[in-house]
Number of protein chains: 2
Amino acid sequence: MSLRYALLALLSVEPMTGYDLYKEFESSVGHVWHAPDSQIYPELRRMEKDGLLEGEEVAWGQRGKKRQYHITRAGTEAFRDWMNSTLEYSRERDPAHLKAAYLEWAKPEAAREQMRAHIRHHAAQLEQWRDKVREIEEGTSPMLARRLASLPTSDREKTTAFKKFTYQGLISRAEQEIAWAQQGLALIDELYPGG
Amino acid sequence: MSLRYALLALLSVEPMTGYDLYKEFESSVGHVWHAPDSQIYPELRRMEKDGLLEGEEVAWGQRGKKRQYHITRAGTEAFRDWMNSTLEYSRERDPAHLKAAYLEWAKPEAAREQMRAHIRHHAAQLEQWRDKVREIEEGTSPMLARRLASLPTSDREKTTAFKKFTYQGLISRAEQEIAWAQQGLALIDELYPGG
DNA sequence: CTCAACTATCTATCTCCATAGATAGTGTTC
DNA sequence: GAACACTATCTATGGAGATAGATAGTTGAG
């Protein structure tokens with residue numbers, strides 16, 4: 001159900017087409033939330049049916065057209081309600097740690113490769129998030145600039161502060177995961193002294 | 001697909017019924033992997049069909065019976081193959097951080113409550129994982145004891161070391177999440193001085 | 001002009017998972 | 001011996017998400 005709110009969050013800044021939203025999920029926002037277009041388009045139609053959005057045909061070139069959605073008052077309310085409700089935390093399902101718990105089954109080199117993959121994955125995320133923080137600090141994010149422009153001055157501080165806070169949390173998490181996997185590599189070396 | 005390997009991991013220690021496995025997922029193992037019984041029973045049947053397990057009717061009381069599964073050679077191989085392959089990391093989907101990024105939409109008290117819920121959730125996990133580490137150190141986990149008993153002495157060190165390593169990673173993560181949410185609470189206080 | 005890359009949207013299928021509820025036997029307790 | 005909690009297994013339904021592929025128009029590069 002969070003996809004719906006991720007979409008509302010983006011549409012609260014400005015009207016967008018399904019493709020615009022898909023692009024956002026592929027790039028910047030995609031590092032907090034991801035969705036394929038095949039999930040986005042039907043969800044937008046459902047949201048329109050539910051009165052959260054309104055779609056409008058827009059000309060695109062000579063013969064082309066696209067459907068641009070803007071958030072309705074009901075959509076804004078639904079998003080605000082979601083923001084004011086407390087999130088349910090769901091059960092754990094963590095393949096990386098599941099595997100780590102049984103690493104004695106793997107060949108040492110496979111175990112090391114698993115740890116390196118963990119590091120690579122989180123290092124890539126880390127880089128993305130550090131970029132995001134830099135963008136926020138330097139004001140070079142067009143999306144954030146547009147959002148800020150639509151807000152009264154008094155609210156801009158909060159908006160940037162919460163964004164920075166979010167990405168800093170993700171940075172800490174990535175750093176922690178990398179440190180853990182590095183300990184893993186050290187442990188493997190220790191347990192398999194021969195190689 | 002990880003459910004299958006979580007089941008193989010447990011069944012590599014000793015034969016179990018679907019209900020035994022369900023109980024494991026509800027308690028200890030459930031903090032790394034969770035699955036409802038309605039997912040476990042069909043998966044066990046599929047695994048038997050695929051030759052990874054063999055099921056056997058076992059008497060239970062006078063008229064009752066249950067189906068106990070034991071892992072086959074092919075099942076052991078499949079698990080070992082999985083352990084020797086490198087995990088694919090899937091895209092992010094993180095409702096807590098999605099919400100955090102838009103916390104300016106929430107009332108201050110709702111924002112605080114969200115952070116407190118985050119702390120509660122991870123504090124509960126933290127406690128579980130600290131218990132697990134304690135169990136490993138003191139050798140009071142029956143499941144681990146049985147696993148160790150089935151292993152040559154030379155392998156026991158690795159098994160306990162990787163388990164401890166796994167849980168310590170989860171502990172660090174939980175601590176990090178709690179620290180982050182506490183920073184969130186401080187930030188909210190700072191941004192909303194009135195209360 | 002043409003080709004490739006991109007924009008734009010849609011459908012189909014499959015797995016995974018959550019939720020709910022049905023059924024039936026066991027073991028303990030009052 | 002009735003009630004209750006627990007063991008044991010199963011089915012149904014629906015949402016979420018991954019993957020793949022179809023269709024069609026646009027734009028820019030060579």
# chains A, B, ... in the order shown; residues from 1 in each chain; ligands from 1
>>> calpha_fit_and_write(fixed="chain B", moving="chain A", output="tab-separated table (two decimals) with C-alpha atoms, in the first residue's frame")
chain	number	residue	atom	x	y	z
A	1	MET	CA	12.60	-18.13	-3.31
A	2	SER	CA	14.48	-17.68	-0.04
A	3	LEU	CA	11.73	-19.40	1.94
A	4	ARG	CA	12.83	-22.64	0.36
A	5	TYR	CA	16.39	-22.15	1.59
A	6	ALA	CA	15.31	-21.06	5.04
A	7	LEU	CA	13.42	-24.35	5.26
A	8	LEU	CA	16.38	-26.34	3.97
A	9	ALA	CA	18.61	-24.63	6.54
A	10	LEU	CA	16.39	-25.78	9.39
A	11	LEU	CA	15.85	-29.24	7.95
A	12	SER	CA	19.58	-29.70	7.55
A	13	VAL	CA	19.76	-30.13	11.33
A	14	GLU	CA	17.00	-32.68	11.84
A	15	PRO	CA	13.69	-33.89	10.40
A	16	MET	CA	10.72	-31.69	11.20
A	17	THR	CA	7.03	-31.35	10.47
A	18	GLY	CA	5.46	-28.33	8.83
A	19	TYR	CA	4.20	-27.28	12.22
A	20	ASP	CA	7.66	-27.54	13.79
A	21	LEU	CA	8.99	-25.29	11.05
A	22	TYR	CA	6.11	-22.87	11.50
A	23	LYS	CA	6.91	-22.68	15.22
A	24	GLU	CA	10.56	-21.95	14.46
A	25	PHE	CA	9.52	-19.11	12.18
A	26	GLU	CA	7.23	-17.77	14.87
A	27	SER	CA	10.02	-17.68	17.44
A	28	SER	CA	13.80	-17.77	17.13
A	29	VAL	CA	14.39	-17.94	13.39
A	30	GLY	CA	11.42	-15.66	12.87
A	31	HIS	CA	13.64	-12.72	13.63
A	32	VAL	CA	15.60	-13.35	10.47
A	33	TRP	CA	12.89	-14.95	8.41
A	34	HIS	CA	9.16	-15.21	8.83
A	35	ALA	CA	6.51	-17.18	7.00
A	36	PRO	CA	2.90	-18.10	7.78
A	37	ASP	CA	1.91	-21.78	7.85
A	38	SER	CA	-0.21	-21.24	4.75
A	39	GLN	CA	3.02	-20.59	2.87
A	40	ILE	CA	5.07	-23.33	4.57
A	41	TYR	CA	2.87	-26.38	3.93
A	42	PRO	CA	2.50	-25.91	0.16
A	43	GLU	CA	6.20	-25.10	-0.16
A	44	LEU	CA	7.12	-28.32	1.63
A	45	ARG	CA	4.93	-30.27	-0.81
A	46	ARG	CA	6.59	-28.55	-3.75
A	47	MET	CA	10.01	-29.28	-2.29
A	48	GLU	CA	9.11	-32.93	-1.89
A	49	LYS	CA	7.90	-33.01	-5.50
A	50	ASP	CA	11.22	-31.45	-6.51
A	51	GLY	CA	13.09	-34.17	-4.63
A	52	LEU	CA	14.67	-31.90	-2.02
A	53	LEU	CA	12.73	-33.45	0.84
A	54	GLU	CA	11.09	-36.70	1.70
A	55	GLY	CA	7.98	-36.77	3.85
A	56	GLU	CA	6.89	-39.58	6.10
A	57	GLU	CA	3.65	-40.15	8.03
A	58	VAL	CA	4.33	-40.35	11.74
A	59	ALA	CA	1.81	-41.42	14.40
A	60	TRP	CA	0.71	-38.71	16.76
A	61	GLY	CA	-1.31	-39.94	19.75
A	62	GLN	CA	-4.01	-42.57	19.05
A	63	ARG	CA	-5.66	-41.46	15.84
A	64	GLY	CA	-3.57	-38.44	14.95
A	65	LYS	CA	-0.74	-38.31	12.47
A	66	LYS	CA	1.73	-35.81	11.20
A	67	ARG	CA	4.06	-35.55	8.26
A	68	GLN	CA	7.73	-35.36	9.06
A	69	TYR	CA	10.12	-34.16	6.39
A	70	HIS	CA	13.78	-34.96	6.12
A	71	ILE	CA	16.23	-33.43	3.71
A	72	THR	CA	17.48	-35.57	0.82
A	73	ARG	CA	20.94	-35.60	-0.70
A	74	ALA	CA	19.57	-33.42	-3.51
A	75	GLY	CA	18.20	-31.05	-0.88
A	76	THR	CA	21.57	-30.76	0.81
A	77	GLU	CA	23.16	-30.11	-2.56
A	78	ALA	CA	20.60	-27.45	-3.44
A	79	PHE	CA	21.24	-25.71	-0.14
A	80	ARG	CA	24.98	-25.88	-0.58
A	81	ASP	CA	24.66	-24.52	-4.11
A	82	TRP	CA	22.59	-21.63	-2.84
A	83	MET	CA	25.17	-20.96	-0.14
A	84	ASN	CA	27.92	-20.94	-2.76
A	85	SER	CA	26.06	-18.57	-5.06
A	86	THR	CA	26.05	-14.84	-4.55
A	87	LEU	CA	22.83	-13.22	-3.47
A	88	GLU	CA	21.04	-10.76	-5.72
A	89	TYR	CA	20.23	-7.57	-3.91
A	90	SER	CA	16.81	-6.24	-4.74
A	91	ARG	CA	15.65	-2.67	-4.92
A	92	GLU	CA	14.92	-0.64	-1.86
A	93	ARG	CA	11.45	-0.42	-0.46
A	94	ASP	CA	11.60	1.25	2.89
A	95	PRO	CA	8.35	2.76	4.17
A	96	ALA	CA	9.93	4.11	7.36
A	97	HIS	CA	12.47	6.20	5.50
A	98	LEU	CA	9.94	7.16	2.84
A	99	LYS	CA	7.80	8.61	5.59
A	100	ALA	CA	10.73	10.25	7.31
A	101	ALA	CA	11.54	12.17	4.13
A	102	TYR	CA	8.13	13.86	4.24
A	103	LEU	CA	7.78	14.30	7.98
A	104	GLU	CA	6.98	17.99	7.58
A	105	TRP	CA	3.50	16.86	6.55
A	106	ALA	CA	2.85	15.24	9.92
A	107	LYS	CA	1.77	16.96	13.10
A	108	PRO	CA	4.72	17.22	15.48
A	109	GLU	CA	3.18	14.74	17.87
A	110	ALA	CA	2.54	12.23	15.05
A	111	ALA	CA	6.11	12.70	13.86
A	112	ARG	CA	7.39	11.99	17.36
A	113	GLU	CA	5.16	8.94	17.65
A	114	GLN	CA	6.55	7.63	14.38
A	115	MET	CA	10.08	7.95	15.72
A	116	ARG	CA	9.07	6.28	18.98
A	117	ALA	CA	7.48	3.41	17.04
A	118	HIS	CA	10.74	3.03	15.14
A	119	ILE	CA	12.63	2.88	18.42
A	120	ARG	CA	10.17	0.40	19.94
A	121	HIS	CA	10.36	-1.85	16.92
A	122	HIS	CA	14.13	-1.96	16.80
A	123	ALA	CA	14.51	-2.14	20.58
A	124	ALA	CA	12.37	-5.26	20.58
A	125	GLN	CA	14.51	-6.79	17.84
A	126	LEU	CA	17.65	-5.77	19.68
A	127	GLU	CA	16.55	-7.61	22.76
A	128	GLN	CA	15.81	-10.76	20.77
A	129	TRP	CA	19.19	-10.66	19.12
A	130	ARG	CA	21.08	-10.02	22.32
A	131	ASP	CA	19.32	-13.08	23.72
A	132	LYS	CA	20.43	-15.07	20.72
A	133	VAL	CA	24.05	-14.04	21.17
A	134	ARG	CA	23.82	-14.94	24.86
A	135	GLU	CA	22.35	-18.35	23.95
A	136	ILE	CA	25.18	-18.95	21.54
A	137	GLU	CA	27.83	-17.92	24.04
A	138	GLU	CA	26.32	-19.97	26.84
A	139	GLY	CA	25.37	-22.91	24.64
A	140	THR	CA	21.76	-22.84	25.80
A	141	SER	CA	20.13	-23.03	22.38
A	142	PRO	CA	18.75	-26.57	21.88
A	143	MET	CA	18.62	-26.18	18.11
A	144	LEU	CA	22.21	-25.04	17.92
A	145	ALA	CA	23.28	-27.78	20.35
A	146	ARG	CA	21.72	-30.41	18.09
A	147	ARG	CA	23.34	-28.90	15.04
A	148	LEU	CA	26.74	-28.84	16.73
A	149	ALA	CA	26.35	-32.42	17.94
A	150	SER	CA	25.91	-33.54	14.33
A	151	LEU	CA	29.13	-31.86	13.22
A	152	PRO	CA	32.77	-32.89	13.46
A	153	THR	CA	34.56	-30.92	16.19
A	154	SER	CA	36.56	-28.99	13.61
A	155	ASP	CA	33.39	-27.43	12.15
A	156	ARG	CA	31.77	-26.37	15.40
A	157	GLU	CA	33.87	-23.27	15.75
A	158	LYS	CA	32.80	-22.01	12.33
A	159	THR	CA	29.14	-22.67	12.94
A	160	THR	CA	29.03	-20.75	16.20
A	161	ALA	CA	31.28	-18.00	14.86
A	162	PHE	CA	29.05	-17.30	11.85
A	163	LYS	CA	25.90	-17.34	13.93
A	164	LYS	CA	27.37	-14.89	16.39
A	165	PHE	CA	28.63	-12.73	13.57
A	166	THR	CA	25.16	-12.65	12.00
A	167	TYR	CA	23.39	-11.64	15.18
A	168	GLN	CA	26.01	-9.04	16.01
A	169	GLY	CA	25.37	-7.46	12.63
A	170	LEU	CA	21.67	-7.35	13.36
A	171	ILE	CA	22.42	-5.84	16.77
A	172	SER	CA	24.52	-3.08	15.21
A	173	ARG	CA	21.80	-2.36	12.72
A	174	ALA	CA	19.12	-2.12	15.40
A	175	GLU	CA	21.34	0.15	17.49
A	176	GLN	CA	21.92	2.37	14.48
A	177	GLU	CA	18.20	2.60	13.73
A	178	ILE	CA	17.47	3.52	17.33
A	179	ALA	CA	20.17	6.20	17.33
A	180	TRP	CA	18.74	7.61	14.10
A	181	ALA	CA	15.22	7.81	15.46
A	182	GLN	CA	16.53	9.50	18.59
A	183	GLN	CA	18.19	12.10	16.41
A	184	GLY	CA	14.82	12.41	14.73
A	185	LEU	CA	13.15	13.16	18.05
A	186	ALA	CA	15.77	15.81	18.80
A	187	LEU	CA	15.27	17.32	15.36
A	188	ILE	CA	11.51	17.51	15.81
A	189	ASP	CA	11.98	19.29	19.16
A	190	GLU	CA	14.32	21.71	17.46
A	191	LEU	CA	11.98	22.44	14.53
A	192	TYR	CA	8.86	22.79	16.66
A	193	PRO	CA	10.08	24.70	19.70
A	194	GLY	CA	6.54	25.37	20.95
A	195	GLY	CA	5.75	21.69	21.42
>>> interface_residues(of="chain D", to="chain A", cutoff="12 Å", atoms="only C-alpha atoms (C1' of nucleotides)", output="PDB file with N, CA and C atoms (P, O5', C5', C4', C3', O3' and C1' of nucleotides), in the first residue's frame")
ATOM      1  P    DG D  15      -7.238  -6.775  -3.872  1.00  0.00           P
ATOM      2  O5'  DG D  15      -5.868  -6.196  -3.328  1.00  0.00           O
ATOM      3  C5'  DG D  15      -5.582  -6.222  -1.936  1.00  0.00           C
ATOM      4  C4'  DG D  15      -4.086  -6.236  -1.746  1.00  0.00           C
ATOM      5  C3'  DG D  15      -3.338  -5.285  -2.670  1.00  0.00           C
ATOM      6  O3'  DG D  15      -2.310  -4.680  -1.908  1.00  0.00           O
ATOM      7  C1'  DG D  15      -2.558  -7.500  -2.993  1.00  0.00           C
ATOM      8  P    DA D  16      -1.516  -3.403  -2.465  1.00  0.00           P
ATOM      9  O5'  DA D  16      -0.076  -4.017  -2.691  1.00  0.00           O
ATOM     10  C5'  DA D  16       0.437  -4.925  -1.739  1.00  0.00           C
ATOM     11  C4'  DA D  16       1.715  -5.500  -2.248  1.00  0.00           C
ATOM     12  C3'  DA D  16       2.505  -4.572  -3.173  1.00  0.00           C
ATOM     13  O3'  DA D  16       3.831  -4.533  -2.661  1.00  0.00           O
ATOM     14  C1'  DA D  16       2.132  -6.682  -4.215  1.00  0.00           C
ATOM     15  P    DG D  17       4.899  -3.505  -3.241  1.00  0.00           P
ATOM     16  O5'  DG D  17       5.599  -4.454  -4.305  1.00  0.00           O
ATOM     17  C5'  DG D  17       6.210  -5.652  -3.858  1.00  0.00           C
ATOM     18  C4'  DG D  17       6.674  -6.455  -5.043  1.00  0.00           C
ATOM     19  C3'  DG D  17       7.383  -5.639  -6.126  1.00  0.00           C
ATOM     20  O3'  DG D  17       8.720  -6.116  -6.177  1.00  0.00           O
ATOM     21  C1'  DG D  17       5.799  -7.149  -7.058  1.00  0.00           C
ATOM     22  P    DA D  18       9.778  -5.580  -7.227  1.00  0.00           P
ATOM     23  O5'  DA D  18       9.915  -6.836  -8.189  1.00  0.00           O
ATOM     24  C5'  DA D  18      10.108  -8.130  -7.649  1.00  0.00           C
ATOM     25  C4'  DA D  18      10.260  -9.102  -8.793  1.00  0.00           C
ATOM     26  C3'  DA D  18      11.131  -8.586  -9.941  1.00  0.00           C
ATOM     27  O3'  DA D  18      12.011  -9.622 -10.350  1.00  0.00           O
ATOM     28  C1'  DA D  18       8.947  -9.139 -10.728  1.00  0.00           C
ATOM     29  P    DT D  19      13.071  -9.402 -11.513  1.00  0.00           P
ATOM     30  O5'  DT D  19      12.270  -9.841 -12.814  1.00  0.00           O
ATOM     31  C5'  DT D  19      11.485 -11.027 -12.792  1.00  0.00           C
ATOM     32  C4'  DT D  19      10.934 -11.291 -14.166  1.00  0.00           C
ATOM     33  C3'  DT D  19      11.736 -10.650 -15.295  1.00  0.00           C
ATOM     34  O3'  DT D  19      12.005 -11.657 -16.264  1.00  0.00           O
ATOM     35  C1'  DT D  19       9.444 -10.059 -15.477  1.00  0.00           C
ATOM     36  P    DA D  20      12.933 -11.332 -17.563  1.00  0.00           P
ATOM     37  O5'  DA D  20      11.830 -11.348 -18.706  1.00  0.00           O
ATOM     38  C5'  DA D  20      10.690 -12.207 -18.587  1.00  0.00           C
ATOM     39  C4'  DA D  20       9.682 -11.839 -19.629  1.00  0.00           C
ATOM     40  C3'  DA D  20      10.281 -11.173 -20.872  1.00  0.00           C
ATOM     41  O3'  DA D  20       9.863 -11.897 -22.016  1.00  0.00           O
ATOM     42  C1'  DA D  20       8.436  -9.919 -20.062  1.00  0.00           C
ATOM     43  P    DG D  21      10.510 -11.622 -23.445  1.00  0.00           P
ATOM     44  O5'  DG D  21       9.279 -10.996 -24.231  1.00  0.00           O
ATOM     45  C5'  DG D  21       7.956 -11.499 -23.966  1.00  0.00           C
ATOM     46  C4'  DG D  21       6.942 -10.466 -24.378  1.00  0.00           C
ATOM     47  C3'  DG D  21       7.347  -9.663 -25.630  1.00  0.00           C
ATOM     48  O3'  DG D  21       6.215  -9.576 -26.486  1.00  0.00           O
ATOM     49  C1'  DG D  21       6.685  -8.218 -23.934  1.00  0.00           C
ATOM     50  P    DA D  24       0.178  -0.225 -32.952  1.00  0.00           P
ATOM     51  O5'  DA D  24       0.664   1.247 -32.634  1.00  0.00           O
ATOM     52  C5'  DA D  24       0.057   1.976 -31.566  1.00  0.00           C
ATOM     53  C4'  DA D  24       0.852   3.228 -31.293  1.00  0.00           C
ATOM     54  C3'  DA D  24       1.537   3.811 -32.541  1.00  0.00           C
ATOM     55  O3'  DA D  24       1.343   5.203 -32.542  1.00  0.00           O
ATOM     56  C1'  DA D  24       3.078   3.592 -30.823  1.00  0.00           C
ATOM     57  P    DG D  25       1.428   6.012 -33.936  1.00  0.00           P
ATOM     58  O5'  DG D  25       1.909   7.440 -33.427  1.00  0.00           O
ATOM     59  C5'  DG D  25       1.373   7.992 -32.225  1.00  0.00           C
ATOM     60  C4'  DG D  25       2.486   8.701 -31.489  1.00  0.00           C
ATOM     61  C3'  DG D  25       3.326   9.638 -32.374  1.00  0.00           C
ATOM     62  O3'  DG D  25       3.328  10.947 -31.826  1.00  0.00           O
ATOM     63  C1'  DG D  25       4.724   8.179 -31.127  1.00  0.00           C
ATOM     64  P    DT D  26       4.220  12.109 -32.462  1.00  0.00           P
ATOM     65  O5'  DT D  26       5.569  11.952 -31.638  1.00  0.00           O
ATOM     66  C5'  DT D  26       5.551  12.168 -30.233  1.00  0.00           C
ATOM     67  C4'  DT D  26       6.959  12.481 -29.769  1.00  0.00           C
ATOM     68  C3'  DT D  26       7.674  13.576 -30.556  1.00  0.00           C
ATOM     69  O3'  DT D  26       8.319  14.413 -29.598  1.00  0.00           O
ATOM     70  C1'  DT D  26       8.958  11.570 -30.597  1.00  0.00           C
ATOM     71  P    DT D  27       8.855  15.869 -30.052  1.00  0.00           P
ATOM     72  O5'  DT D  27      10.418  15.576 -29.961  1.00  0.00           O
ATOM     73  C5'  DT D  27      10.913  14.749 -28.921  1.00  0.00           C
ATOM     74  C4'  DT D  27      12.384  14.455 -29.181  1.00  0.00           C
ATOM     75  C3'  DT D  27      13.121  15.521 -29.998  1.00  0.00           C
ATOM     76  O3'  DT D  27      14.336  15.789 -29.325  1.00  0.00           O
ATOM     77  C1'  DT D  27      13.440  13.389 -30.965  1.00  0.00           C
TER      78       DT D  27
END
>>> closest_residue(among="C:DT23, C:DT29, C:DT9, C:DT15", to="chain B", atoms="only C-alpha atoms (C1' of nucleotides)")
C:DT15
>>> atom_distance(atom1="C1' of DG25 (chain C)", atom2="C1' of DT9 (chain D)")
11.1 Å
>>> residues_around(residues="region 2-6 of chain D", least_positions_apart="5", cutoff="10 Å", atoms="only C-alpha atoms (C1' of nucleotides)", output="PyMOL selection string")
chain C and resi 26-30
>>> residues_around(residues="DA22 (chain C)", least_positions_apart="2", cutoff="12 Å", atoms="only C-alpha atoms (C1' of nucleotides)", output="ChimeraX atom specification")
/C:20,24 /D:9-12
>>> closest_atom_pairs(of="chain C", to="chain A", cutoff="9 Å", atoms="only C-alpha atoms (C1' of nucleotides)", output="CSV")
residue,atom,partner,partner_atom,distance
C:DT7,C1',A:Tyr19,CA,7.6
C:DA8,C1',A:Tyr19,CA,6.4
C:DT9,C1',A:Tyr41,CA,7.5
C:DC10,C1',A:Ser38,CA,7.9
C:DT11,C1',A:Ser38,CA,8.8
>>> write_last_selection(atoms="C-alpha atoms (C1' of nucleotides)", output="compact mmCIF listing (two decimals), in the first residue's frame")
# COMPACT_ATOMS: atom_id res chain seq x y z
C1' DT C 7 8.91 8.74 -24.18
C1' DA C 8 4.50 6.83 -23.13
C1' DT C 9 1.23 3.32 -21.83
C1' DC C 10 -0.66 -1.18 -21.44
C1' DT C 11 -1.35 -6.34 -20.74
>>> select_by_dssp(residues="region 2-80 of chain A", states="helix (DSSP H, G or I)", output="ChimeraX atom specification")
/A:2-11,18-26,29-31,37-49,73-80
>>> select_by_dssp(residues="chain B", states="strand (DSSP E)", output="ChimeraX atom specification")
/B:16-17,53-60,64-71
>>> write_last_selection(atoms="N, CA and C atoms", output="mmCIF file, in the first residue's frame")
data_model
loop_
_atom_site.group_PDB
_atom_site.id
_atom_site.type_symbol
_atom_site.label_atom_id
_atom_site.label_comp_id
_atom_site.auth_asym_id
_atom_site.auth_seq_id
_atom_site.Cartn_x
_atom_site.Cartn_y
_atom_site.Cartn_z
ATOM 1 N N MET B 16 11.730 -32.505 10.532
ATOM 2 C CA MET B 16 10.705 -31.707 11.209
ATOM 3 C C MET B 16 9.400 -31.784 10.442
ATOM 4 N N THR B 17 8.316 -31.466 11.147
ATOM 5 C CA THR B 17 7.012 -31.353 10.494
ATOM 6 C C THR B 17 6.801 -29.896 10.081
ATOM 7 N N LEU B 53 13.157 -32.885 -0.464
ATOM 8 C CA LEU B 53 12.740 -33.421 0.820
ATOM 9 C C LEU B 53 12.032 -34.747 0.605
ATOM 10 N N GLU B 54 11.957 -35.514 1.681
ATOM 11 C CA GLU B 54 11.084 -36.677 1.684
ATOM 12 C C GLU B 54 10.212 -36.626 2.924
ATOM 13 N N GLY B 55 8.923 -36.810 2.724
ATOM 14 C CA GLY B 55 7.978 -36.759 3.833
ATOM 15 C C GLY B 55 7.585 -38.152 4.258
ATOM 16 N N GLU B 56 7.201 -38.272 5.509
ATOM 17 C CA GLU B 56 6.869 -39.576 6.068
ATOM 18 C C GLU B 56 5.778 -39.377 7.099
ATOM 19 N N GLU B 57 4.732 -40.190 7.018
ATOM 20 C CA GLU B 57 3.651 -40.123 7.987
ATOM 21 C C GLU B 57 4.145 -40.675 9.322
ATOM 22 N N VAL B 58 3.903 -39.935 10.379
ATOM 23 C CA VAL B 58 4.320 -40.361 11.709
ATOM 24 C C VAL B 58 3.089 -40.347 12.602
ATOM 25 N N ALA B 59 2.935 -41.372 13.432
ATOM 26 C CA ALA B 59 1.802 -41.429 14.340
ATOM 27 C C ALA B 59 1.903 -40.309 15.368
ATOM 28 N N TRP B 60 0.733 -39.818 15.721
ATOM 29 C CA TRP B 60 0.685 -38.755 16.730
ATOM 30 C C TRP B 60 -0.529 -39.072 17.618
ATOM 31 N N GLY B 64 -4.258 -39.542 15.611
ATOM 32 C CA GLY B 64 -3.619 -38.435 14.904
ATOM 33 C C GLY B 64 -2.389 -38.863 14.128
ATOM 34 N N LYS B 65 -2.014 -38.047 13.141
ATOM 35 C CA LYS B 65 -0.777 -38.305 12.430
ATOM 36 C C LYS B 65 -0.195 -36.982 11.961
ATOM 37 N N LYS B 66 1.075 -37.006 11.705
ATOM 38 C CA LYS B 66 1.711 -35.804 11.165
ATOM 39 C C LYS B 66 2.737 -36.218 10.131
ATOM 40 N N ARG B 67 3.143 -35.250 9.328
ATOM 41 C CA ARG B 67 4.046 -35.552 8.242
ATOM 42 C C ARG B 67 5.412 -34.947 8.553
ATOM 43 N N GLN B 68 6.388 -35.821 8.709
ATOM 44 C CA GLN B 68 7.724 -35.361 9.049
ATOM 45 C C GLN B 68 8.595 -35.380 7.794
ATOM 46 N N TYR B 69 9.279 -34.267 7.571
ATOM 47 C CA TYR B 69 10.117 -34.152 6.374
ATOM 48 C C TYR B 69 11.575 -34.261 6.755
ATOM 49 N N HIS B 70 12.320 -35.000 5.949
ATOM 50 C CA HIS B 70 13.773 -34.951 6.111
ATOM 51 C C HIS B 70 14.405 -34.564 4.781
ATOM 52 N N ILE B 71 15.557 -33.934 4.888
ATOM 53 C CA ILE B 71 16.224 -33.414 3.698
ATOM 54 C C ILE B 71 16.879 -34.581 2.948
#
